[in-house]
Each structure stands twice: as structure tokens, then as C-alpha cells.
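Asker: There's a structure below that I have some questions on.
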Amino acid sequence: MRYQTDQFDDKKDYAMKLLIPGPVQPEQEVLQAMGDPVQPHYGPEWTQIYNETVDMLKTVYGTTGDVFIMVGSGSSGLDAAIGSMVPTGEKIIVGVNGFFGERLCAIAKAYGLDVIPVSGEWGQVLEPGDVSKIASQHTDASALAIVHLETSTTIVNPIKDIGKIANELEIPYIVDAVSSLGGLPMDMDEWGIDVCVSASQKCLGAPPGLATVAVGPGAWEAIDRVPEKSHGWYLDLRVWKHYQQAWADWHPFPITMATNNVLALRKSLESLQAEGIEARMARYRTLAVHLREGLRRIEMRPFTPDELLAPVLTAAYGPPGVPTGDIVAYMSTVHDTKIAGGLGEKLKDVIFRIGHMAPTTSIEDIDDLLLYLADFTPDWRSTFTEKAERD
Ligand SMILES: *Cc1c(COP(=O)(O)O)cnc(C)c1O
């Protein structure tokens, strides 16, 4: 079974149930916005639509600062955040307890920054004490960057507590909230976050294609310190700020905006607003608890203990001796259901991951998923071929 609705009846050949940590399956009206007539990306009508979308994002971020919608994936936003805030040659402290922490390091290195990692166990929370210790050894660091929900391990890092360290040191604080914004609490200004990055295709519930970059009121001082002409033009946050102000009444960004993607994002934000952020988050948490109970019932142990539950993403171990990539292949081949494998050297084929970060994901979807997983046997390929031959 693919979808409860007849949403994709004419597209069965490729429509899959997406239970991965992005992209998610958007709601119907969000998808429909992608098929609306293309609008020009400038003029008063479009500027109003864009600004409304930005204002809704400000509420989700919890900021009175600026939000920029950039055409590009989440990584482009991370690239913009790091490249705009820290001059080449200076130090950045980066929390690393998974694949996406390593990715932040890679971005920083690509800008010629001196990366000081705070290394944590994959599958453990990054300890604020460890961040403090490293920070006290590198008082000349220019910024601190951390991943909120580490999508590779499902670990939620304590960004609020770590923010206090950055604030005490008076260095800019960058947070990768690509997989958490819209699904986990976020109070950017209150938590002292200077730049916070997300993307359209995860908890924000829209198709891939847009990065959202929120810049807190206090962040511009650090950004303005970076010499011009050092990190290119497209991803320089100053360029985005300039057009937002100089062309405010007709074209508040420097490039051709992906207008249909913005229309879709606006719809998904309206849906989030209508349901209520708290109610949406509570719904995801219910899915997580239900999934964990079911996984234990079928003896596929959750990767993290319940105290470390991520409301929008769950990882589990497969049966002993089975590479989890095989379970992922089984789910997609036999059940048209896409789940994710383990990411990175340490967890590839060790765990599998299930995303429940879309408003379209229901308790019934989780129940179906559990039934399919319960039916998994290491020799599924042979029984599947036999069945295909019989049919
Ligand atoms: C998905 C993800 C990214 C990368 O986002 P893209 O849109 O694929 O560029 C970065 N960080 C985290 C935590 C993610 O989950």
C-alpha cells in the first residue's frame, strides 16, 4: 500500500511512501502550489507574498531579526552562515557528534577557517561541559557552530545550554536547524542564536529547493567585520540584507526567487500555523512514542534510549547479523516505502532511520511500517522473486 489517499493514483510507478528524514511528502495543497502559474519574482504583489512567508518564518524561528529565503538546499544556507560570519584564517569551534557536524567542519574548512572540533560520541548528546573546556582553550575563536538535531544519529543537541557558552564568550553562535525547525522547539533570540539555518524539505513540509537563513538582531556586527571580496557574492548575507533594504518595495532579494517553491512553503507554513506549532510538535512526539513501542515489540531496538527521543526521527537496530541496508532495500522493493539507512562509516548498515517529520505522516503509516518490518526476513529476496513469478 502506498498512500491512504488517492493522491498519487495516476503516478503509482514512482510514488513512494516517504518515511525518510527529508525530503518529506508535502500536503496536497502544498504540492498544488508548485503547479500554480509562475509569478514574476518582483512587483508589489509578489513582494507581499514573499514578506508574508518571511514573517511566518520569523514566528517559527522566534526572532525579531531578519529571515532570508535563499534558492538552494539547506547546505547553501549553512555555507552562507559560516562564510558570512568568519573571516578566512580565523578559528571556529564546531560541535561534532555525527555526520552533519562533520559537514559543518567541511564547510568551514572550505572557507579556509581554522576548525576546532568538539568531538562527541556518535549517538550521544554533545556535552556543554566539553564545549566549555575547548572554548576556554581557544579564547581567540571567532564563532561557535552546532547542529540542533543531528540527523545521522537522531540526537538532539542542547543548543540552549551551549548557546550560553557562546554568549558568555561573546562570539557569534550558528545553529544548523535544517532537520528540526518546525518540528522541535526553537526560540532563537531567547537562546542567543545569531544565525540559524533550515531548509524547506524537512519539518517545514515543502518540496526541496529553498534554504531559510535567520539572522538575529545582534549578528550584523560580526558579519560586517568580514572583509568584502573574500567569500564570493551569492552567499554573502550582506548582499541579501542590502537588497532586502534597497529594493524593499519591489524585489527584496538579489536574485530570481524560486516563486513556486515560495508559494509552496507559504502554504506549508499556513498549515503549520493553523494546526499550531505546539500541537504539531505534540503530534510528532506521539508518533515517535508509538513507533518506539512497536519497534521494541518486534525486537528491533531503538538506537537511543527514550530519554533521548527525537520527536521527528527514530533510529533502530535491525535483527542481529543483518546489514540494515538490506532492510531499507526490502522496504522500498516490497512495500514501496522509503526509509533511510545509517549514515557515515560508524552507522552504515548498523541502524536504519525513520523520519516522521511531515504533517502527512499518520499513526496508520507507523502501524503499516511496523507490520512490514515485522515481516522482514533475511531471505526476503527469494520469497519476493517467487511471489513475483507466481503473480
Ligand atoms: C539534511 C541536513 C542538512 C543538509 O541539507 P541539504 O538540504 O541536503 O543541503 C544539513 N544538516 C542537517 C542537520 C540535515 O538534516
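By convention in this document, the chains of the C-alpha cells carry letters A, B, ... by their order, each chain's residues are numbered from 1, and ligands are numbered from 1 in the order they are shown.
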Within 9 Å of ligand 1, which residues of chain A come that close, and what is the closest atom pair and distance in Å for each? Count only C-alpha atoms and all ligand atoms and give it as CSV.
Answerer:
residue,atom,partner,partner_atom_place_in_ligand_line,distance
A:Pro21,CA,ligand 1,15 (O),7.0
A:Gly22,CA,ligand 1,1 (C),6.6
A:Pro23,CA,ligand 1,1 (C),8.3
A:Gly72,CA,ligand 1,7 (O),7.6
A:Ser73,CA,ligand 1,7 (O),3.9
A:Gly74,CA,ligand 1,7 (O),3.5
A:Ser75,CA,ligand 1,9 (O),3.6
A:Ser76,CA,ligand 1,9 (O),6.4
A:Gly77,CA,ligand 1,9 (O),8.0
A:Leu78,CA,ligand 1,10 (C),7.6
A:Phe99,CA,ligand 1,13 (C),8.4
A:Phe100,CA,ligand 1,11 (N),5.2
A:Gly101,CA,ligand 1,13 (C),7.9
A:Arg103,CA,ligand 1,10 (C),7.5
A:Leu104,CA,ligand 1,11 (N),8.1
A:Val147,CA,ligand 1,13 (C),5.9
A:His148,CA,ligand 1,13 (C),6.8
A:Leu149,CA,ligand 1,13 (C),5.8
A:Glu150,CA,ligand 1,13 (C),5.1
A:Thr151,CA,ligand 1,15 (O),4.7
A:Ser152,CA,ligand 1,15 (O),7.5
A:Asp176,CA,ligand 1,11 (N),5.9
A:Ala177,CA,ligand 1,13 (C),6.1
A:Val178,CA,ligand 1,12 (C),4.7
A:Ser179,CA,ligand 1,15 (O),4.2
A:Ser180,CA,ligand 1,13 (C),7.6
A:Val197,CA,ligand 1,11 (N),8.7
A:Ser198,CA,ligand 1,5 (O),7.8
A:Ala199,CA,ligand 1,7 (O),5.7
A:Ser200,CA,ligand 1,7 (O),7.8
A:Gln201,CA,ligand 1,7 (O),7.2
A:Lys202,CA,ligand 1,1 (C),7.4
A:Pro208,CA,ligand 1,7 (O),7.1
A:Gly209,CA,ligand 1,7 (O),7.6
A:Leu210,CA,ligand 1,7 (O),7.9
A:Ala211,CA,ligand 1,7 (O),7.2
Asker: Near Asp379 in chain A, within 12 Å and counting only C-alpha atoms, which residues show up once chain neighbours fewer than 3 positions away are dropped, as a ChimeraX atom specification?
Answerer: /A:322,326-327,330,375-376,382-386
Asker: Let's have the selection written as an mmCIF file, in the first residue's frame, with C-alpha atoms.
Answerer:
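That gives us selection_36.cif:
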data_model
loop_
_atom_site.group_PDB
_atom_site.id
_atom_site.type_symbol
_atom_site.label_atom_id
_atom_site.label_comp_id
_atom_site.auth_asym_id
_atom_site.auth_seq_id
_atom_site.Cartn_x
_atom_site.Cartn_y
_atom_site.Cartn_z
ATOM 1 C CA VAL A 322 21.603 -8.300 9.080
ATOM 2 C CA ASP A 326 19.048 -4.805 3.320
ATOM 3 C CA ILE A 327 16.015 -3.764 5.379
ATOM 4 C CA TYR A 330 13.270 -4.650 1.335
ATOM 5 C CA ASP A 375 7.515 -9.374 8.047
ATOM 6 C CA PHE A 376 11.149 -8.840 7.147
ATOM 7 C CA SER A 382 13.957 -15.180 -2.730
ATOM 8 C CA THR A 383 10.381 -15.161 -1.440
ATOM 9 C CA PHE A 384 9.764 -11.876 -3.241
ATOM 10 C CA THR A 385 11.021 -13.325 -6.542
ATOM 11 C CA GLU A 386 8.919 -16.471 -6.085
#
Asker: Write out as a count of residues only which residues come within 10 Å of His242 in chain A when counting only C-alpha atoms, dropping same-chain ones fewer than 6 positions away.
Answerer: 4
Asker: Do you have, as a Markdown table, the list of residues of range 92-177 of chain A lying at most 9 Å from range 302-317 of chain A, each with its nearest atom pair and that distance in Å to one decimal, counting only C-alpha atoms and ordered by chain then number?
Answerer:
| residue | atom | partner | partner_atom | distance |
| --- | --- | --- | --- | --- |
| A:Gly123 | CA | A:Thr304 | CA | 7.0 |
| A:Gln124 | CA | A:Thr304 | CA | 8.4 |
| A:Val125 | CA | A:Leu308 | CA | 8.3 |
| A:Leu149 | CA | A:Ala310 | CA | 7.9 |
| A:Thr151 | CA | A:Leu313 | CA | 7.7 |
| A:Ser152 | CA | A:Ala315 | CA | 9.0 |
| A:Thr153 | CA | A:Ala315 | CA | 7.2 |
| A:Thr154 | CA | A:Leu313 | CA | 6.0 |
| A:Ile155 | CA | A:Ala310 | CA | 6.7 |
| A:Val156 | CA | A:Ala310 | CA | 6.4 |
Asker: Selected residues, N, CA, C and O atoms, written as a PDB file, in the first residue's frame, please.
Answerer:
ATOM      1  N   GLY A 123      25.816   9.288  18.575  1.00  0.00           N
ATOM      2  CA  GLY A 123      24.745   8.628  19.326  1.00  0.00           C
ATOM      3  C   GLY A 123      24.658   9.128  20.755  1.00  0.00           C
ATOM      4  O   GLY A 123      23.805   8.692  21.523  1.00  0.00           O
ATOM      5  N   GLN A 124      25.556  10.053  21.133  1.00  0.00           N
ATOM      6  CA  GLN A 124      25.478  10.689  22.451  1.00  0.00           C
ATOM      7  C   GLN A 124      25.253  12.187  22.263  1.00  0.00           C
ATOM      8  O   GLN A 124      25.645  12.750  21.238  1.00  0.00           O
ATOM      9  N   VAL A 125      24.659  12.787  23.273  1.00  0.00           N
ATOM     10  CA  VAL A 125      24.445  14.233  23.254  1.00  0.00           C
ATOM     11  C   VAL A 125      25.787  14.936  23.407  1.00  0.00           C
ATOM     12  O   VAL A 125      26.653  14.475  24.135  1.00  0.00           O
ATOM     13  N   LEU A 149      19.344  19.089  15.585  1.00  0.00           N
ATOM     14  CA  LEU A 149      19.030  17.660  15.508  1.00  0.00           C
ATOM     15  C   LEU A 149      20.046  17.014  14.574  1.00  0.00           C
ATOM     16  O   LEU A 149      20.045  17.280  13.371  1.00  0.00           O
ATOM     17  N   THR A 151      20.898  14.591  12.342  1.00  0.00           N
ATOM     18  CA  THR A 151      20.036  13.685  11.577  1.00  0.00           C
ATOM     19  C   THR A 151      20.653  12.301  11.386  1.00  0.00           C
ATOM     20  O   THR A 151      19.942  11.324  11.172  1.00  0.00           O
ATOM     21  N   SER A 152      21.976  12.214  11.482  1.00  0.00           N
ATOM     22  CA  SER A 152      22.619  10.913  11.270  1.00  0.00           C
ATOM     23  C   SER A 152      22.425   9.973  12.461  1.00  0.00           C
ATOM     24  O   SER A 152      22.487   8.760  12.304  1.00  0.00           O
ATOM     25  N   THR A 153      22.212  10.539  13.650  1.00  0.00           N
ATOM     26  CA  THR A 153      22.112   9.694  14.855  1.00  0.00           C
ATOM     27  C   THR A 153      20.802   9.880  15.610  1.00  0.00           C
ATOM     28  O   THR A 153      20.576   9.188  16.598  1.00  0.00           O
ATOM     29  N   THR A 154      19.993  10.844  15.205  1.00  0.00           N
ATOM     30  CA  THR A 154      18.729  11.235  15.859  1.00  0.00           C
ATOM     31  C   THR A 154      18.956  11.942  17.209  1.00  0.00           C
ATOM     32  O   THR A 154      18.018  12.087  17.984  1.00  0.00           O
ATOM     33  N   ILE A 155      20.168  12.367  17.464  1.00  0.00           N
ATOM     34  CA  ILE A 155      20.461  13.034  18.741  1.00  0.00           C
ATOM     35  C   ILE A 155      20.092  14.525  18.668  1.00  0.00           C
ATOM     36  O   ILE A 155      20.453  15.213  17.720  1.00  0.00           O
ATOM     37  N   VAL A 156      19.370  14.984  19.698  1.00  0.00           N
ATOM     38  CA  VAL A 156      19.045  16.404  19.801  1.00  0.00           C
ATOM     39  C   VAL A 156      20.085  17.050  20.717  1.00  0.00           C
ATOM     40  O   VAL A 156      20.178  16.694  21.897  1.00  0.00           O
TER      41      VAL A 156
END
Asker: Closest to Gln28 in chain A among A:Asn157, A:Thr324, A:Asn97, A:Ser268, using only C-alpha atoms?
Answerer: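 Of all the options, A:Ser268 lies closest to Gln28 in chain A.
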Asker: Excluding Pro87 in chain A and its own-chain neighbours fewer than 3 positions away, which residues fall within 7 Å of it when counting only C-alpha atoms? Please give them as a PyMOL selection string.
Answerer: chain A and resi 90+226-227
Asker: Could you tell me, as a VMD selection string, which residues of range 102-308 of chain A DSSP assigns to alpha helix (DSSP H) when given the backbone?
Answerer: chain A and resid 102 to 110 128 to 137 159 to 169 220 to 225 237 to 246 259 to 275 277 to 297
Asker: If we count only C-alpha atoms, what is near Met188 in chain A at a cut-off of 12 Å, once residues fewer than 3 positions away on the same chain are taken out, given as an MDAnalysis selection string?
Answerer: chainID A and resid 57:67 148 159:160 163 173:177 181 185 191:197 213:219
Asker: Do you have the CA of Ser271 in chain A-CA of Glu364 in chain A distance handy?
Answerer: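 Computing the Euclidean distance for CA of Ser271 in chain A and CA of Glu364 in chain A yields 20.6 Å.
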Asker: Neighbouring residues of Asp249 in chain A were defined as those with any atom within 12 Å, considering only C-alpha atoms; residues of the same chain fewer than 4 positions away were excluded. Please report them as a ChimeraX atom specification.
Answerer: /A:42-48,50-51,243-245,253
Asker: Pull C-alpha atoms from the residues just selected and write them as a short mmCIF file (atom, residue, chain, number, x, y, z; two decimals), in the first residue's frame.
Answerer:
data_model
loop_
_atom_site.label_atom_id
_atom_site.label_comp_id
_atom_site.auth_asym_id
_atom_site.auth_seq_id
_atom_site.Cartn_x
_atom_site.Cartn_y
_atom_site.Cartn_z
CA TYR A 42 9.17 41.18 -8.38
CA GLY A 43 6.49 43.81 -8.07
CA PRO A 44 4.22 44.72 -5.17
CA GLU A 45 2.05 41.56 -5.32
CA TRP A 46 4.98 39.22 -5.23
CA THR A 47 6.79 41.26 -2.59
CA GLN A 48 3.77 40.95 -0.35
CA TYR A 50 7.35 36.90 -0.06
CA ASN A 51 7.16 39.13 3.01
CA TYR A 243 18.66 44.12 -1.46
CA GLN A 244 16.13 43.48 1.27
CA GLN A 245 16.51 47.16 2.23
CA PHE A 253 16.36 39.78 -2.57
#
Asker: Step one, run DSSP on the backbone; step two, keep only residues of range 12-171 of chain A assigned to strand (DSSP E); then write them as a list in words.
Answerer: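 Written out, the strand (DSSP E) residues of range 12-171 of chain A are Lys17, Leu18, Asp66, Val67, Phe68, Ile69, Met70, Val71, Lys91, Ile92, Ile93, Val94, Gly95, Val96, Asp114, Val115, Ile116, Pro117, Val118, Ser119, Ala143, Leu144, Ala145, Ile146, Val147, Leu149, Glu150, Ile155 and Val156 of chain A.
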Asker: Kindly indicate which residue among A:Ala288, A:Ile363, A:Met70, A:Val118 lies nearest to Asp130 in chain A, using only C-alpha atoms for the distances.
Answerer: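 Nearest candidate to Asp130 in chain A out of A:Ala288, A:Ile363, A:Met70, A:Val118: A:Val118.
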Asker: Between A:Ala110, A:Ile366, A:Ile116, A:Ile277, which is the closest to Val289 in chain A once you count only C-alpha atoms?
Answerer: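 Residue with the minimum atom-to-atom distance to Val289 in chain A: A:Ile366.
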Asker: Identify which of the residues A:Ile255, A:Met357, A:Ala141, A:Val38 lies closest to Thr286 in chain A, counting only C-alpha atoms when measuring atom-to-atom distances.
Answerer: A:Met357
Asker: By how many Å are CA of Gly205 in chain A and CA of Asn261 in chain A apart?
Answerer: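 Result for CA of Gly205 in chain A versus CA of Asn261 in chain A: 11.5 Å, one decimal.
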